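Peer 1: So that you have it, the file is data23.csv, and it contains CSV, C-alpha atoms and all ligand atoms:
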chain,number,residue,atom,x,y,z
Y,1,MET,CA,0.0,0.0,0.0
Y,2,ASN,CA,1.5,3.4,-0.9
Y,3,ASN,CA,1.7,6.3,1.4
Y,4,VAL,CA,-1.3,8.2,0.1
Y,5,ASN,CA,-3.5,5.1,0.3
Y,6,ARG,CA,-2.4,4.5,3.8
Y,7,MET,CA,-3.2,8.2,4.6
Y,8,MET,CA,-6.6,8.0,3.0
Y,9,ARG,CA,-7.5,4.9,5.0
Y,10,SER,CA,-6.6,6.9,8.1
Y,11,ALA,CA,-8.7,9.8,6.9
Y,12,ARG,CA,-11.7,7.8,8.2
Y,13,ALA,CA,-10.1,7.8,11.7
Y,14,VAL,CA,-9.7,11.6,11.7
Y,15,GLU,CA,-12.1,12.9,14.3
Y,16,ALA,CA,-11.7,16.7,13.7
Y,17,TRP,CA,-11.2,18.7,10.6
Y,18,LEU,CA,-9.6,22.1,10.7
Y,19,PHE,CA,-10.1,24.3,7.6
Y,20,ASP,CA,-8.3,27.4,6.4
Y,21,LEU,CA,-10.8,29.9,5.0
Y,22,ASP,CA,-9.5,32.0,2.1
Y,23,GLY,CA,-8.7,29.8,-0.8
Y,24,VAL,CA,-10.0,26.6,0.9
Y,25,LEU,CA,-13.6,27.3,1.8
Y,26,THR,CA,-14.2,30.5,0.0
Y,27,ASP,CA,-12.9,32.0,-3.2
Y,28,THR,CA,-11.5,35.1,-1.7
Y,29,ALA,CA,-7.8,34.6,-2.5
Y,30,SER,CA,-8.1,36.6,-5.7
Y,31,ALA,CA,-9.6,39.6,-3.9
Y,32,HIS,CA,-6.8,39.4,-1.3
Y,33,ALA,CA,-4.1,39.1,-4.0
Y,34,ALA,CA,-5.5,42.1,-6.0
Y,35,SER,CA,-5.8,44.2,-2.8
Y,36,TRP,CA,-2.2,43.5,-1.8
Y,37,LYS,CA,-1.0,44.4,-5.4
Y,38,GLU,CA,-2.8,47.7,-5.5
Y,39,THR,CA,-1.5,48.6,-2.0
Y,40,PHE,CA,2.1,47.6,-2.5
Y,41,ASP,CA,2.4,48.9,-6.1
Y,42,ALA,CA,1.2,52.4,-4.9
Y,43,LEU,CA,3.7,52.3,-2.1
Y,44,LEU,CA,6.6,51.2,-4.3
Y,45,ALA,CA,5.7,53.9,-6.9
Y,46,ASP,CA,5.6,56.4,-4.1
Y,47,ARG,CA,9.0,55.5,-2.9
Y,48,ALA,CA,10.7,55.2,-6.2
Y,49,GLY,CA,10.1,58.8,-7.2
Y,50,ALA,CA,9.4,60.2,-10.6
Y,51,GLY,CA,10.9,58.4,-13.5
Y,52,MET,CA,12.4,55.6,-11.5
Y,53,PRO,CA,11.6,52.0,-12.6
Y,54,ILE,CA,9.8,49.9,-10.1
Y,55,ARG,CA,9.4,46.2,-9.9
Y,56,PRO,CA,5.7,45.7,-9.1
Y,57,PHE,CA,4.3,43.3,-6.6
Y,58,ASP,CA,3.7,39.9,-8.4
Y,59,ALA,CA,0.1,38.8,-7.5
Y,60,ILE,CA,1.1,35.2,-7.9
Y,61,THR,CA,4.7,34.7,-6.8
Y,62,ASP,CA,5.1,37.5,-4.2
Y,63,TYR,CA,1.6,36.9,-2.9
Y,64,GLU,CA,2.3,33.2,-2.3
Y,65,GLN,CA,5.8,33.6,-0.9
Y,66,PHE,CA,5.3,36.6,1.4
Y,67,VAL,CA,1.7,37.2,2.3
Y,68,ASP,CA,-0.7,34.3,1.6
Y,69,GLY,CA,-2.0,32.7,4.8
Y,70,LYS,CA,-0.1,35.0,7.2
Y,71,PRO,CA,-1.6,37.6,9.5
Y,72,ARG,CA,-2.0,40.9,7.6
Y,73,LEU,CA,0.8,42.8,9.4
Y,74,ASP,CA,3.3,39.8,9.0
Y,75,GLY,CA,2.5,39.9,5.3
Y,76,VAL,CA,3.3,43.6,5.2
Y,77,ARG,CA,6.6,43.2,7.0
Y,78,SER,CA,7.6,40.1,5.0
Y,79,PHE,CA,7.1,41.7,1.6
Y,80,LEU,CA,8.7,45.0,2.5
Y,81,PHE,CA,11.7,43.2,4.0
Y,82,SER,CA,12.0,41.3,0.7
Y,83,ARG,CA,12.4,44.6,-1.1
Y,84,GLY,CA,14.7,46.1,1.5
Y,85,ILE,CA,12.1,48.6,2.7
Y,86,HIS,CA,11.8,49.4,6.4
Y,87,LEU,CA,8.8,51.3,7.7
Y,88,PRO,CA,8.0,52.1,11.4
Y,89,GLU,CA,5.4,49.9,13.0
Y,90,GLY,CA,3.0,52.6,13.8
Y,91,GLU,CA,-0.2,51.9,15.8
Y,92,PRO,CA,-3.2,49.7,15.2
Y,93,VAL,CA,-5.3,52.8,14.8
Y,94,ASP,CA,-3.2,54.2,11.9
Y,95,ARG,CA,-5.1,55.3,8.9
Y,96,PRO,CA,-4.5,53.9,5.5
Y,97,ASN,CA,-2.6,57.0,4.3
Y,98,LEU,CA,0.1,56.6,6.9
Y,99,ARG,CA,3.4,55.1,5.8
Y,100,THR,CA,3.7,52.6,8.7
Y,101,VAL,CA,3.3,48.8,8.8
Y,102,ASN,CA,-0.1,49.3,10.4
Y,103,GLY,CA,-1.1,52.0,7.9
Y,104,VAL,CA,-0.2,49.8,5.0
Y,105,GLY,CA,-2.2,46.9,6.6
Y,106,ALA,CA,-5.2,49.2,7.0
Y,107,TRP,CA,-4.9,50.3,3.4
Y,108,LYS,CA,-5.0,46.7,2.2
Y,109,ASN,CA,-7.9,45.9,4.5
Y,110,ARG,CA,-9.9,48.8,3.2
Y,111,LEU,CA,-9.4,47.6,-0.3
Y,112,VAL,CA,-10.3,44.0,0.4
Y,113,LEU,CA,-13.5,44.9,2.3
Y,114,ARG,CA,-14.5,47.1,-0.6
Y,115,MET,CA,-13.9,44.2,-3.0
Y,116,LEU,CA,-15.8,41.7,-0.8
Y,117,ALA,CA,-18.7,44.1,-0.5
Y,118,HIS,CA,-19.0,44.5,-4.2
Y,119,GLY,CA,-18.0,41.2,-5.6
Y,120,GLY,CA,-20.0,38.9,-3.3
Y,121,ILE,CA,-18.4,35.9,-1.5
Y,122,VAL,CA,-18.6,32.5,-3.0
Y,123,ALA,CA,-17.9,29.2,-1.2
Y,124,PHE,CA,-16.3,26.5,-3.3
Y,125,PRO,CA,-19.1,23.9,-3.9
Y,126,GLY,CA,-16.7,20.9,-3.4
Y,127,SER,CA,-15.5,22.3,-0.1
Y,128,VAL,CA,-19.1,22.9,1.1
Y,129,ALA,CA,-20.0,19.3,0.1
Y,130,LEU,CA,-17.1,17.9,2.1
Y,131,VAL,CA,-17.8,20.0,5.1
Y,132,ARG,CA,-21.5,18.9,5.1
Y,133,ALA,CA,-20.5,15.2,4.7
Y,134,LEU,CA,-18.1,15.5,7.6
Y,135,LYS,CA,-20.8,17.2,9.7
Y,136,THR,CA,-23.3,14.5,8.9
Y,137,ALA,CA,-20.7,11.9,9.8
Y,138,GLY,CA,-20.3,13.5,13.3
Y,139,ARG,CA,-16.8,15.0,12.8
Y,140,LYS,CA,-15.8,18.1,14.7
Y,141,LEU,CA,-15.2,21.1,12.5
Y,142,ALA,CA,-13.2,24.3,12.9
Y,143,VAL,CA,-12.2,27.2,10.7
Y,144,VAL,CA,-8.6,28.5,11.4
Y,145,SER,CA,-8.0,31.7,9.5
Y,146,ALA,CA,-5.6,34.6,9.7
Y,147,SER,CA,-8.5,36.8,8.5
Y,148,GLU,CA,-10.0,39.3,10.8
Y,149,ASN,CA,-13.1,39.3,8.6
Y,150,CYS,CA,-13.6,35.5,9.0
Y,151,ALA,CA,-17.0,35.5,10.6
Y,152,ALA,CA,-18.4,38.0,8.0
Y,153,VAL,CA,-17.0,35.9,5.2
Y,154,LEU,CA,-18.5,32.7,6.5
Y,155,GLN,CA,-21.8,34.4,7.1
Y,156,ALA,CA,-21.8,35.9,3.6
Y,157,ALA,CA,-21.0,32.5,2.1
Y,158,GLY,CA,-23.9,30.9,4.1
Y,159,ILE,CA,-21.7,28.4,5.9
Y,160,VAL,CA,-21.2,29.9,9.3
Y,161,ASP,CA,-23.4,27.3,11.1
Y,162,LEU,CA,-21.4,24.3,10.0
Y,163,PHE,CA,-18.4,25.0,12.3
Y,164,ASP,CA,-18.0,24.3,16.0
Y,165,VAL,CA,-15.1,26.6,16.5
Y,166,ASN,CA,-13.8,29.6,14.7
Y,167,VAL,CA,-10.2,30.7,15.4
Y,168,ASP,CA,-9.8,33.9,13.3
Y,169,GLY,CA,-7.4,36.9,13.3
Y,170,GLY,CA,-9.4,38.5,16.2
Y,171,VAL,CA,-9.1,35.5,18.4
Y,172,ARG,CA,-5.4,35.1,17.5
Y,173,SER,CA,-4.5,38.7,18.5
Y,174,ARG,CA,-6.7,38.6,21.7
Y,175,LEU,CA,-4.9,35.5,22.9
Y,176,GLY,CA,-1.5,36.6,21.7
Y,177,LEU,CA,-1.1,33.5,19.5
Y,178,ALA,CA,1.6,33.4,16.8
Y,179,GLY,CA,0.2,33.3,13.3
Y,180,LYS,CA,0.8,30.8,10.5
Y,181,PRO,CA,3.4,29.3,9.7
Y,182,ALA,CA,3.5,28.8,13.5
Y,183,PRO,CA,1.2,26.0,14.5
Y,184,ASP,CA,-0.4,27.9,17.5
Y,185,THR,CA,-3.8,28.8,15.9
Y,186,TYR,CA,-4.3,25.2,14.7
Y,187,LEU,CA,-3.2,23.8,18.1
Y,188,TYR,CA,-5.6,26.1,19.9
Y,189,ALA,CA,-8.5,25.1,17.6
Y,190,ALA,CA,-7.8,21.4,18.3
Y,191,GLN,CA,-7.7,22.1,22.0
Y,192,GLN,CA,-11.1,23.9,21.7
Y,193,LEU,CA,-12.5,20.9,20.0
Y,194,GLY,CA,-11.1,18.6,22.6
Y,195,THR,CA,-9.0,16.6,20.0
Y,196,GLU,CA,-5.4,15.6,20.0
Y,197,PRO,CA,-3.6,17.0,16.9
Y,198,CYS,CA,-2.6,13.5,15.8
Y,199,LEU,CA,-6.3,12.8,15.4
Y,200,ALA,CA,-7.1,16.0,13.5
Y,201,ALA,CA,-6.7,17.0,9.8
Y,202,VAL,CA,-5.5,20.4,8.6
Y,203,VAL,CA,-6.7,21.6,5.2
Y,204,GLU,CA,-4.8,24.5,3.6
Y,205,ASP,CA,-4.0,26.1,0.3
Y,206,ALA,CA,-1.0,28.2,1.3
Y,207,PRO,CA,2.5,26.8,1.9
Y,208,ALA,CA,2.6,28.8,5.2
Y,209,GLY,CA,-0.6,27.1,6.4
Y,210,VAL,CA,0.6,23.6,5.4
Y,211,ALA,CA,3.8,24.3,7.3
Y,212,ALA,CA,1.8,25.3,10.3
Y,213,GLY,CA,0.0,21.9,10.2
Y,214,ARG,CA,3.3,20.1,9.9
Y,215,ALA,CA,4.8,22.0,12.8
Y,216,GLY,CA,1.8,21.1,14.9
Y,217,HIS,CA,2.3,17.4,14.2
Y,218,PHE,CA,-1.3,17.0,12.9
Y,219,GLY,CA,-2.4,13.5,11.8
Y,220,LEU,CA,-3.3,14.5,8.2
Y,221,ILE,CA,-2.4,17.5,6.2
Y,222,VAL,CA,-4.3,18.1,3.0
Y,223,GLY,CA,-3.0,20.7,0.5
Y,224,VAL,CA,-5.5,22.3,-1.8
Y,225,SER,CA,-3.8,23.4,-5.0
Y,226,ARG,CA,-5.4,26.7,-6.1
Y,227,GLY,CA,-2.4,29.1,-6.4
Y,228,ALA,CA,0.4,27.1,-5.0
Y,229,THR,CA,1.5,24.0,-7.0
Y,230,PRO,CA,1.2,20.5,-5.7
Y,231,SER,CA,4.9,20.2,-5.5
Y,232,GLU,CA,5.2,23.4,-3.4
Y,233,LEU,CA,2.5,22.1,-1.0
Y,234,LEU,CA,4.1,18.7,-0.7
Y,235,ALA,CA,7.5,20.4,-0.1
Y,236,SER,CA,5.9,22.4,2.8
Y,237,GLY,CA,4.7,19.2,4.4
Y,238,ALA,CA,1.3,18.2,2.9
Y,239,ASP,CA,0.5,14.5,3.0
Y,240,LEU,CA,-1.6,14.7,-0.1
Y,241,VAL,CA,-2.8,17.4,-2.5
Y,242,VAL,CA,-6.1,17.8,-4.2
Y,243,SER,CA,-7.4,20.4,-6.6
Y,244,ASP,CA,-11.0,20.2,-5.2
Y,245,LEU,CA,-12.1,18.9,-1.9
Y,246,ALA,CA,-14.9,17.0,-3.5
Y,247,GLU,CA,-12.1,14.5,-4.3
Y,248,LEU,CA,-12.2,13.4,-0.7
Y,249,LEU,CA,-15.9,12.8,-0.5
Y,250,ASP,CA,-15.7,9.0,-0.8
Y,251,LYS,CA,-12.7,8.8,1.5
Y,252,VAL,CA,-13.9,10.3,4.8
O,301,MG,MG,-5.6,30.3,2.4
Show the structure stored in the file as structure tokens.
Ligand SMILES: [Mg+2]
Peer 2:
Amino acid sequence: MNNVNRMMRSARAVEAWLFDLDGVLTDTASAHAASWKETFDALLADRAGAGMPIRPFDAITDYEQFVDGKPRLDGVRSFLFSRGIHLPEGEPVDRPNLRTVNGVGAWKNRLVLRMLAHGGIVAFPGSVALVRALKTAGRKLAVVSASENCAAVLQAAGIVDLFDVNVDGGVRSRLGLAGKPAPDTYLYAAQQLGTEPCLAAVVEDAPAGVAAGRAGHFGLIVGVSRGATPSELLASGADLVVSDLAELLDKV
């Protein structure tokens, strides 16, 4: 029996399933990537000065490597560091026009909220089908997201009632938990569900989130290949990779 078969046989023994939100349950990754791009490109143009060439934010490679799956301010710091830019931290109340880490984060959040309000929020049908099947089978379910807009997104997608526990960006900062790729938010969700990590599955589309599951020694780590490639997700520690969660329907 190969590793994936063995893993899928054990999927039936998984008692709790912990899902990332953006890019796993809901199709919000493109809104996030576009918002980051608009924010960072304006900042880069601003700093470059008139006539200077700029290397714009790449909504695929830079998004995936520096911001996807991370808490918003970690994403700001991580991308700016990659370009050798240092901004003061500022304060959480900083307005979007301030050139601080918090101000840049607020700028991005304002754009993403605007996009979500206008574009609607769609849950991936295959993901909803899997979550419903797991719920019917009596599994414990959690959402673990860096997003501070998690509850609103779940509500708008019509799937808020399916989950027993919701560990979002607000919970993370209230409790002082480290964000992904640290395992803390996933471990906290497992604890809230009363499940040992080795009996829980983590479902993620971002390499940082897969790495969080691996660091937490979870029993099964499923990568969903939307932006990141299967080989990137496997290299970050995924046990198996699917392109749609409906592929797991007959295995859980
Ligand atoms: Mg994600």
Peer 1: Kindly extract all protein, DNA and RNA residues lying within 10 Å of the coordinates (-16.3, 18.0, 9.0) given in the file, considering all atoms listed in the file, and supply them as a ChimeraX atom specification.
Peer 2: /Y:14-19,128-142,162-164,201,252
Peer 1: Hey, which residues sit close to ligand MG 301 (chain O)? Say within 9 Å, counting all atoms listed in the file, and write them as a ChimeraX atom specification.
Peer 2: /Y:20-26,28-29,68-70,145-146,204-209
Peer 1: How close does each residue of region 44-143 of chain Y get to region 220-233 of chain Y, giving the shortest atom pair and distance in Å to one decimal for every residue with an atom at most 9 Å away, counting all atoms listed in the file, sorted by chain and residue number, as a tab-separated table?
Peer 2:
residue	atom	partner	partner_atom	distance
Y:Ile60	CA	Y:Gly227	CA	7.2
Y:Thr61	CA	Y:Ala228	CA	8.9
Y:Glu64	CA	Y:Ala228	CA	6.9
Peer 1: Check the smallest atom-to-atom distance from each of Y:Leu98, Y:Val67, Y:Val203, Y:Leu44 to Ser243 (chain Y) using only C-alpha atoms, then report the winner.
Peer 2: Y:Val203
Peer 1: What is the CA of Ala238 (chain Y) to CA of Thr185 (chain Y) distance in Å?
Peer 2: 17.5 Å
Peer 1: Which residue, Y:Leu248, Y:Met115, Y:Leu73, Y:Ala123, has the smallest gap to Val101 (chain Y) when you use only C-alpha atoms?
Peer 2: Y:Leu73
Peer 1: Which distance in Å separates CA of Ile159 (chain Y) and CA of Arg12 (chain Y), to one decimal?
Peer 2: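 Between CA of Ile159 (chain Y) and CA of Arg12 (chain Y) the gap works out to 23.0 Å.
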Peer 1: Smallest atom-to-atom distance to Asp46 (chain Y): which of Y:Arg214, Y:Ala189, Y:Asn97, Y:Val122, using all atoms listed in the file?
Peer 2: Y:Asn97
Peer 1: Could you check how far CA of Tyr188 (chain Y) sits from CA of Val167 (chain Y), in Å to one decimal?
Peer 2: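 Atom-to-atom, CA of Tyr188 (chain Y) to CA of Val167 (chain Y), that is 7.9 Å.
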Peer 1: Compare Y:Ile54, Y:Ser82, Y:Glu148, Y:Leu154 by their minimum atom-to-atom distance to Leu113 (chain Y), counting only C-alpha atoms, and give me the closest one.
Peer 2: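 Checking each candidate against Leu113 (chain Y), we get Y:Glu148 as the closest.
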Peer 1: Can you tell me which residues surround Glu89 (chain Y) at a distance of at most 12 Å, considering all atoms listed in the file, apart from same-chain residues fewer than 2 positions away, and format the answer as a list in words?
Peer 2: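 Within the cut-off, the hits are Leu73, Asp74, Val76, Arg77, His86, Leu87, Glu91, Pro92, Val93, Asp94, Leu98, Arg99, Thr100, Val101, Asn102, Gly103, Val104 and Gly105 of chain Y.
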Peer 1: Pick from Y:Asp161, Y:Asp168, Y:Asp62, Y:Asp184: nearest to Asn149 (chain Y), with only C-alpha atoms counted?
Peer 2: Y:Asp168
